[in-house]
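Have a look at the structure below before the remarks.
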Amino acid sequence: VISPRLKKSASYNYSDGAQMNIQSVGFVLRRFVRVVSSTSTPLMLFLDDLQWCDYSSLTLIEGILADKEGGNCGGSCLFFVGSYRSNEVKGDHSIYRFMDNLDRRNVLSTKLSLFGVNYNDLNTMISDAMGLFPRLCSNLSDIVFRKTKGNPFFVLEFLRSLVDGNLLEYSVRKRRWIWDDQAIAAMDITDNVLSLLTNKMNQLSERVQSTLQVVSCFGFGIHDSVIDLLSATTQYSNIREGLDELIWDSFMVTVAGDSMPSSDSKSSSGRTWKFVHDKVREAAYCLIVEEDKDQYHEDLAQVLHSVSKGKKLGNAVFPIVD
């Protein structure tokens with residue numbers, strides 16, 4: 001993600017070499033799944049956010065799912081679960097071609113549509129969070145439901161924005177949560193959680209916004225090994241302080257992992273800093289002006305290249321050049 005973004009072609013026409021490469025990878029994957037799976041120990045694969053998946057990747061999965069030759073169960077014993085956002089794909093998206101191909105090749109599949117929580121469940125969730133009887137917070141739940149359409153992540157971010165704006169606060173005198181129904185109902189917000197997050201990020205300090213921009217260029221997370229490199233530069237010397245503030249503001253979390261050697265293996269704890277949701281990463285990436293994104297990626301890459309010269313990068317090289 002650090003290198004300038006590649007412009008993807010809308011067509012699915014591949015050169016002969018690329019097509020042969022896809023077929024070779026598919027052949028190896030099918031043979032591998034046949035070896036490691038059986039009717040008694042099937043292999044399960046879950047892929048999220050298939051709305052961003054390209055046709056070649058879906059073709060590989062299709063080949064494994066339709067594989068009925070050889071193996072311990074007459075082919076690959078794979079249980080595949082995929083999810084995508086239907087509101088982010090058009091009718092010509094490759095996901096629909098993928099599902100049609102599975103039906104045509106007699107691969108048993110089930111399609112489920114998930115929607116936002118209904119009003120009653122939302123009211124139960126809010127009343128439980130506030131420690132109040134459902135009837136006491138029904139008015140608030142009604143407003144939240146109308147503004148968020150029951151989207152769970154949108155609900156949480158909207159409630160956080162109410163707390164930040166002192167429209168929802170805990171009264172020590174009354175010993176309960178209180179709110180202003182009319183003020184909340186009059187709030188001018190869009191029905192898009194991305195806009196809500198972007199507005200919230202714009203209120204952060206310049207240092208924290210800069211940290212969000214940098215981390216968003218690495219995708220959904222950044223490893224301590226890369227943070228070590230950035231911290232060694234003058235421009236990004238305060239990036240760890242910015243990350244700590246993002247943890248405090250619930251934009252990011254830390255995930256422990258295996259040690260990934262960096263330029264200074266003693267300083268790398270093996271942690272990965274991840275966005276709590278892909279919409280948070282998307283909003284952070286939107287902080288970079290669209291026409292400046294390519295240059296931003298290039299400048300960041302030049303900084304990392306300069307500071308990493310002569311150092312042992314270990315696995316840190318992969319997120320840098322990805």
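Lettering and numbering for the structure tokens are positional, with chains as A, B, ... in the shown order, residues counted from 1 in each chain, and ligands counted from 1 in the shown order.
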
Please return as a PyMOL selection string: the residues of range 123-302 of chain A that backbone DSSP assigns to alpha helix (DSSP H).
-> chain A and resi 123-130+138-148+152-164+181-185+193-202+206-216+224-231+239-248+278-285+293-302

Next, the residues of the selection above should be written as a CSV table (one decimal), in the first residue's frame with C-alpha atoms.
```csv
chain,number,residue,atom,x,y,z
A,123,ASN,CA,-34.0,-0.8,22.5
A,124,THR,CA,-32.9,-3.8,24.4
A,125,MET,CA,-29.3,-3.2,23.6
A,126,ILE,CA,-29.5,0.5,24.6
A,127,SER,CA,-31.4,-0.2,27.8
A,128,ASP,CA,-28.9,-2.9,28.8
A,129,ALA,CA,-25.9,-0.6,28.1
A,130,MET,CA,-27.5,2.2,30.2
A,138,SER,CA,-37.7,3.9,24.2
A,139,ASN,CA,-37.7,7.5,22.9
A,140,LEU,CA,-33.9,7.6,22.5
A,141,SER,CA,-34.0,4.2,20.8
A,142,ASP,CA,-36.6,5.4,18.4
A,143,ILE,CA,-34.4,8.4,17.4
A,144,VAL,CA,-31.3,6.3,17.1
A,145,PHE,CA,-33.1,3.7,15.0
A,146,ARG,CA,-34.5,6.3,12.6
A,147,LYS,CA,-31.0,7.9,12.1
A,148,THR,CA,-29.0,4.7,11.8
A,152,PRO,CA,-24.8,-1.9,14.7
A,153,PHE,CA,-21.6,-0.1,14.0
A,154,PHE,CA,-23.4,3.1,13.1
A,155,VAL,CA,-25.4,2.9,16.3
A,156,LEU,CA,-22.3,2.6,18.5
A,157,GLU,CA,-20.5,5.5,16.7
A,158,PHE,CA,-23.7,7.6,16.9
A,159,LEU,CA,-24.0,7.0,20.6
A,160,ARG,CA,-20.3,7.9,21.1
A,161,SER,CA,-20.9,11.1,19.2
A,162,LEU,CA,-23.8,11.9,21.6
A,163,VAL,CA,-21.6,11.4,24.6
A,164,ASP,CA,-18.8,13.5,23.1
A,181,ASP,CA,-34.6,14.0,23.0
A,182,GLN,CA,-35.3,17.2,21.1
A,183,ALA,CA,-31.7,18.1,20.6
A,184,ILE,CA,-30.7,14.6,19.4
A,185,ALA,CA,-33.7,14.5,17.1
A,193,VAL,CA,-21.4,6.2,9.1
A,194,LEU,CA,-18.4,7.2,7.0
A,195,SER,CA,-19.4,10.9,7.2
A,196,LEU,CA,-19.9,10.6,10.9
A,197,LEU,CA,-16.4,9.1,11.4
A,198,THR,CA,-14.8,11.7,9.1
A,199,ASN,CA,-16.4,14.6,11.0
A,200,LYS,CA,-15.2,13.1,14.3
A,201,MET,CA,-11.6,12.7,12.9
A,202,ASN,CA,-11.6,16.3,11.7
A,206,GLU,CA,-3.2,17.6,13.7
A,207,ARG,CA,-0.7,15.1,15.1
A,208,VAL,CA,-3.4,12.4,15.5
A,209,GLN,CA,-4.9,13.1,12.1
A,210,SER,CA,-1.4,12.7,10.6
A,211,THR,CA,-1.1,9.4,12.4
A,212,LEU,CA,-4.4,8.2,10.9
A,213,GLN,CA,-3.3,9.2,7.4
A,214,VAL,CA,0.0,7.3,7.7
A,215,VAL,CA,-1.5,4.1,9.2
A,216,SER,CA,-4.3,4.1,6.7
A,224,ASP,CA,5.4,-2.5,15.4
A,225,SER,CA,8.4,-3.2,13.2
A,226,VAL,CA,7.2,-0.5,10.8
A,227,ILE,CA,6.4,1.8,13.6
A,228,ASP,CA,10.0,1.4,14.8
A,229,LEU,CA,11.2,2.6,11.4
A,230,LEU,CA,8.9,5.6,11.3
A,231,SER,CA,9.7,6.6,14.9
A,239,ILE,CA,3.7,8.4,15.8
A,240,ARG,CA,3.5,6.2,18.9
A,241,GLU,CA,1.9,9.0,20.9
A,242,GLY,CA,-0.6,9.5,18.1
A,243,LEU,CA,-1.4,5.7,18.1
A,244,ASP,CA,-1.9,5.8,21.9
A,245,GLU,CA,-4.5,8.5,21.5
A,246,LEU,CA,-6.2,6.6,18.7
A,247,ILE,CA,-6.4,3.6,21.1
A,248,TRP,CA,-8.0,5.9,23.7
A,278,ASP,CA,-12.8,-1.2,8.0
A,279,LYS,CA,-15.0,1.9,7.8
A,280,VAL,CA,-12.7,3.6,10.3
A,281,ARG,CA,-9.8,2.9,8.0
A,282,GLU,CA,-11.7,4.2,5.0
A,283,ALA,CA,-12.6,7.4,6.9
A,284,ALA,CA,-8.9,7.8,7.9
A,285,TYR,CA,-7.8,7.3,4.3
A,293,LYS,CA,-2.8,10.3,-2.4
A,294,ASP,CA,-0.4,9.0,-5.0
A,295,GLN,CA,2.2,11.6,-3.9
A,296,TYR,CA,1.5,10.9,-0.3
A,297,HIS,CA,2.2,7.2,-0.8
A,298,GLU,CA,5.4,8.0,-2.7
A,299,ASP,CA,6.7,10.4,-0.1
A,300,LEU,CA,6.0,7.9,2.7
A,301,ALA,CA,7.8,5.2,0.7
A,302,GLN,CA,10.8,7.5,0.2
```
